[in-house]
Amino acid sequence: MSDSPRPSRMEKLRIVRGFLAHQLDQVDRWIAEEQQRQQEKARGEEARPPAPDWLIEQGLDGRAAVYVHVGGCHMAGKRSRGVDRDQARQALYELQVDACPHCRPDTELGVLE
């Protein structure tokens with residue numbers, strides 16, 4: 001058996017308090033980090049350019065256009081690029097690119113077959 005005296009109740013409480021203070025400091029750091037992440041995310045969303053109004057989806061070869069979409073169409077593939085209204089109309093009317101059958105950009109552009 002050890003001859004050292006056992007810590008008093010007061011000493012034990014102070015040890016627990018020190019541990020809890022350390023834990024609270026850690027939680028405060030986590031809160032500050034999360035606030036910073038949220039602020040950075042909000043700044044990024046504010047700086048993001050607006051979604052295009054019209055999209056042209058390229059084929060697998062990357063050159064031939066296969067569909068014209070209304071911006072935000074859920075059927076637009078990853079090979080889509082934003083275009084302006086005139087380019088979308090030109091693709092539908094002059095280049096004979098198909099209109100997406102889901103979002104029907106030809107109707108919105110007034111280019112009916």
# chains A, B, ... in the order shown; residues from 1 in each chain; ligands from 1
>>> residues_around(residues="stretch 103-110 of chain A", least_positions_apart="2", cutoff="7 Å", atoms="only C-alpha atoms", output="ChimeraX atom specification")
/A:68-70,73,89,99-101,112
>>> select_by_dssp(residues="chain A", states="strand (DSSP E)", output="PyMOL selection string")
chain A and resi 54-58+65-70+80-83+98-99
>>> residues_around(residues="A:Gly59", least_positions_apart="3", cutoff="12 Å", atoms="only C-alpha atoms", output="MDAnalysis selection string")
chainID A and resid 56 62:68 76:81 97:98
>>> select_by_dssp(residues="stretch 24-112 of chain A", states="alpha helix (DSSP H)", output="ChimeraX atom specification")
/A:24-47,85-93,105-109
>>> write_last_selection(atoms="C-alpha atoms", output="compact mmCIF listing (two decimals), in the first residue's frame")
# COMPACT_ATOMS: atom_id res chain seq x y z
CA LEU A 24 -15.51 23.40 -22.78
CA ASP A 25 -12.58 25.16 -24.45
CA GLN A 26 -12.49 22.37 -27.04
CA VAL A 27 -16.22 22.72 -27.72
CA ASP A 28 -15.80 26.50 -28.07
CA ARG A 29 -13.04 25.91 -30.67
CA TRP A 30 -15.29 23.49 -32.57
CA ILE A 31 -18.12 26.04 -32.54
CA ALA A 32 -15.80 28.75 -33.86
CA GLU A 33 -14.53 26.44 -36.62
CA GLU A 34 -18.08 25.51 -37.64
CA GLN A 35 -19.13 29.17 -37.71
CA GLN A 36 -16.16 29.92 -39.96
CA ARG A 37 -17.08 27.02 -42.30
CA GLN A 38 -20.68 28.26 -42.51
CA GLN A 39 -19.55 31.82 -43.26
CA GLU A 40 -17.17 30.60 -45.97
CA LYS A 41 -19.94 28.48 -47.49
CA ALA A 42 -22.33 31.45 -47.49
CA ARG A 43 -19.68 33.67 -49.15
CA GLY A 44 -19.10 30.99 -51.77
CA GLU A 45 -22.81 30.71 -52.51
CA GLU A 46 -23.14 34.49 -52.80
CA ALA A 47 -20.14 34.63 -55.18
CA ARG A 85 -31.22 32.93 -75.50
CA ASP A 86 -30.02 33.68 -79.04
CA GLN A 87 -27.59 30.78 -79.02
CA ALA A 88 -30.30 28.42 -77.77
CA ARG A 89 -32.71 29.60 -80.50
CA GLN A 90 -30.00 29.25 -83.14
CA ALA A 91 -29.20 25.71 -82.00
CA LEU A 92 -32.87 24.72 -82.21
CA TYR A 93 -33.81 26.51 -85.41
CA PRO A 105 -37.07 24.76 -74.40
CA ASP A 106 -38.54 25.11 -77.88
CA THR A 107 -41.88 26.09 -76.35
CA GLU A 108 -40.33 28.71 -74.07
CA LEU A 109 -38.22 30.10 -76.91
